[in-house]
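Novice: Below you will find the structure I want to go over with you.
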Amino acid sequence: MPIFLKELLPKEDFLENFDNTKRLKKTLLLFSFKKKENLIWKIWGYAYNDPGNKHAEVLVLDYIEDHIAENITKGKYELIFCVSYTPCHKCSDRIISFMAQRSGICMEIRASKPYFFDREGERKGLHLLKSSGVSIKMMNISDYRKCVYLFVHPSEYFTPWSYLDEQSKQNANDLDTLLKQEEENNKMIDSDIISGNVNSILNLIETQCAVSSGVLRADNSS
């Protein structure tokens with residue numbers, strides 16, 4: 001079963017999947033869902049990708065949607081994803097769709113490693129996530145310690161792996177650069193659209209003036 005509810009994660013699984021200096025072909029997601037003013041989580045656990053089926057983000061969102069449908073969830077809620085990789089473009093779309101239907105939920109994503117920041121789809125997906133109000137950041141040592149305390153066991157001590165800090169800073173810089181570049185690209189596209197609209201209007205006015213002028217000349221000649 002790729003989703004585990006209210007179960008602590010084995011420490012070796014956390015270290016294997018969240019080490020930001022290693023690349024694995026799977027995603028591990030730790031999640032919590034609670035009322036904003038409460039300290040106790042309503043739903044929590046972890047999930048892996050379901051090979052050939054659903055990604056971890058979709059599995060968790062599907063479960064939370066079912067929970068919301070079956071329970072009264074009035075008020076403000078907080079949803080937190082701590083995930084080994086940033087969401088792919090399809091998962092970003094799914095998260096945006098989920099959030100668009102639920103104004104009472106505040107969401108934060110903390111990612112350990114970048115997922116193909118050089119791909120256009122992933123870049124646009126992350127930018128749209130941020131634009132839709134989802135908070136997204138790359139994890140640092142404080143985030144890793146918190147994850148171990150909350151999702152592995154409070155008594156477990158987190159020992160940083162080699163080059164954790166260096167890689168965390170690089171990942172954070174890469175995400176910040178990506179988001180800024182996508183924002184600039186969007187501004188340029190908007191500017192081009194506006195310029196194109198203005199030119200179309202001017203061309204239409206010139207055409208109308210030319211037609212009117214032709215009509216006047218025809219009237220005068222008659």
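Order determines the names: the first chain of the structure tokens is A, the second B, and so forth; residues in each chain are numbered 1 upward, and ligands are numbered 1 upward as they are shown.
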Might you pull out every residue within 7 Å of Lys124 of chain A, with only C-alpha atoms counted and same-chain residues fewer than 4 positions away left off, and present them as a VMD selection string?
Specialist: chain A and resid 120 128 182
Novice: Mind dumping a table of every segment 35-132 of chain A residue within 12 Å of segment 149-170 of chain A, with the nearest atom pair and its distance in Å to one decimal, using only C-alpha atoms, sorted by chain and rising number, as a Markdown table?
Specialist:
| residue | atom | partner | partner_atom | distance |
| --- | --- | --- | --- | --- |
| A:Ile40 | CA | A:Leu150 | CA | 11.5 |
| A:Trp41 | CA | A:Leu150 | CA | 10.7 |
| A:Trp44 | CA | A:Phe151 | CA | 8.7 |
| A:Gly45 | CA | A:Phe151 | CA | 7.4 |
| A:Tyr46 | CA | A:Phe151 | CA | 8.3 |
| A:Ala47 | CA | A:Phe151 | CA | 11.9 |
| A:Phe81 | CA | A:Phe151 | CA | 11.7 |
| A:Cys82 | CA | A:Phe151 | CA | 10.0 |
| A:Arg110 | CA | A:Ser168 | CA | 11.6 |
| A:Ala111 | CA | A:Ser168 | CA | 10.0 |
| A:Ser112 | CA | A:Ser168 | CA | 7.8 |
| A:Lys113 | CA | A:Ser168 | CA | 8.4 |
| A:Pro114 | CA | A:Gln170 | CA | 10.2 |
Novice: For the selection just defined, write its residues with C-alpha atoms to a file, as a compact mmCIF listing (two decimals), in the first residue's frame.
Specialist:
# COMPACT_ATOMS: atom_id res chain seq x y z
CA ILE A 40 -3.03 18.14 16.98
CA TRP A 41 -3.01 16.85 13.41
CA TRP A 44 -1.07 12.62 8.95
CA GLY A 45 1.19 9.98 7.51
CA TYR A 46 3.35 9.32 4.49
CA ALA A 47 2.98 8.08 0.93
CA PHE A 81 3.69 18.44 2.32
CA CYS A 82 7.31 17.51 3.06
CA ARG A 110 8.80 21.77 1.59
CA ALA A 111 10.90 19.84 -0.93
CA SER A 112 14.26 18.15 -0.44
CA LYS A 113 15.38 17.89 -4.07
CA PRO A 114 14.53 19.61 -7.38
Novice: Between A:His67, A:Arg119, A:Lys130, A:His55, single out the one closest to Lys26 of chain A, counting only C-alpha atoms.
Specialist: A:His55
Novice: For atom CA of Ala172 of chain A and atom CA of Glu12 of chain A, quote the distance in Å rounded to one decimal.
Specialist: 24.7 Å
Novice: Could you pull out the residues in segment 92-172 of chain A that DSSP calls strand (DSSP E or B) from the backbone, as a CSV table (one decimal) with C-alpha atoms, in the first residue's frame?
Specialist:
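Now in out37.csv:
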chain,number,residue,atom,x,y,z
A,105,ILE,CA,-7.0,25.7,3.2
A,106,CYS,CA,-3.5,27.1,3.5
A,107,MET,CA,-0.9,24.9,1.9
A,108,GLU,CA,2.9,24.7,2.3
A,109,ILE,CA,5.3,22.5,0.3
A,110,ARG,CA,8.8,21.8,1.6
A,111,ALA,CA,10.9,19.8,-0.9
A,112,SER,CA,14.3,18.2,-0.4
A,113,LYS,CA,15.4,17.9,-4.1
A,135,SER,CA,4.0,28.3,-0.3
A,136,ILE,CA,6.9,26.3,-1.7
A,137,LYS,CA,10.5,26.1,-0.5
A,138,MET,CA,13.5,23.9,-0.6
Novice: Go through A:Leu28, A:Ile80, A:Cys88, A:Ile95 one by one, measure the shortest atom-to-atom distance of each to Leu9 of chain A using only C-alpha atoms, and give the residue with the smallest value.
Specialist: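 Closest residue, counting only C-alpha atoms: A:Leu28.
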Novice: My list of candidates is A:Ser103, A:Thr21, A:Ser131, A:Asn186. Which is closest to Lys74 of chain A when distances are computed with only C-alpha atoms?
Specialist: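 Going through A:Ser103, A:Thr21, A:Ser131, A:Asn186 one by one, the smallest distance to Lys74 of chain A is for A:Ser103.
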Novice: Identify which of the residues A:Ile64, A:Met99, A:Leu15, A:Asp174 lies closest to Cys147 of chain A, counting only C-alpha atoms when measuring atom-to-atom distances.
Specialist: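 Distance minimum relative to Cys147 of chain A lands on A:Leu15.
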Novice: If you count only C-alpha atoms, which residues fall within 12 Å of Glu37 of chain A, apart from same-chain ones fewer than 6 positions away, as a PyMOL selection string?
Specialist: chain A and resi 75-78
Novice: Could those residues be written to a file, using N, CA, C and O atoms, as a compact mmCIF listing (two decimals), in the first residue's frame?
Specialist:
# COMPACT_ATOMS: atom_id res chain seq x y z
N GLY A 75 -14.06 26.35 8.82
CA GLY A 75 -12.93 27.07 9.40
C GLY A 75 -11.70 27.00 8.51
O GLY A 75 -11.75 26.58 7.36
N LYS A 76 -10.57 27.42 9.07
CA LYS A 76 -9.31 27.47 8.34
C LYS A 76 -8.48 26.22 8.64
O LYS A 76 -8.34 25.82 9.80
N TYR A 77 -7.90 25.63 7.58
CA TYR A 77 -7.10 24.43 7.73
C TYR A 77 -5.71 24.63 7.15
O TYR A 77 -5.50 25.48 6.29
N GLU A 78 -4.79 23.81 7.62
CA GLU A 78 -3.39 23.88 7.18
C GLU A 78 -2.97 22.52 6.64
O GLU A 78 -3.10 21.51 7.32
Novice: Going by DSSP on the backbone, which bits of segment 24-134 of chain A are helix (DSSP H, G or I)? Write them as number ranges by chain, please.
Specialist: A: 56-70, 89-100, 120-131
Novice: Skipping near chain neighbours, those fewer than 5 positions away, what residues fall within 9 Å of Val58 of chain A using only C-alpha atoms, listed as a compact mmCIF listing (two decimals) with N, CA, C and O atoms, in the first residue's frame?
Specialist:
# COMPACT_ATOMS: atom_id res chain seq x y z
N ASN A 49 5.03 7.02 -4.33
CA ASN A 49 4.41 6.87 -5.65
C ASN A 49 3.86 5.46 -5.80
O ASN A 49 4.46 4.50 -5.31
N TYR A 63 -7.14 11.23 -0.90
CA TYR A 63 -7.60 10.80 0.43
C TYR A 63 -8.18 11.98 1.21
O TYR A 63 -9.23 11.86 1.85
N CYS A 91 1.36 16.99 -11.12
CA CYS A 91 1.01 17.11 -9.70
C CYS A 91 0.77 18.57 -9.32
O CYS A 91 -0.11 18.87 -8.51
N ARG A 94 -2.67 19.32 -10.31
CA ARG A 94 -3.63 18.68 -9.40
C ARG A 94 -3.75 19.47 -8.10
O ARG A 94 -4.85 19.64 -7.56
N ILE A 95 -2.62 19.95 -7.58
CA ILE A 95 -2.62 20.73 -6.35
C ILE A 95 -3.36 22.05 -6.55
O ILE A 95 -4.16 22.47 -5.72
Novice: Would you list the contacts of Glu183 of chain A as a list in words, taking every protein, DNA or RNA residue within 9 Å and counting only C-alpha atoms, but skipping same-chain residues closer than 5 positions in sequence?
Specialist: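 In the requested format, the answer is His127, Leu178 and Met188 of chain A.
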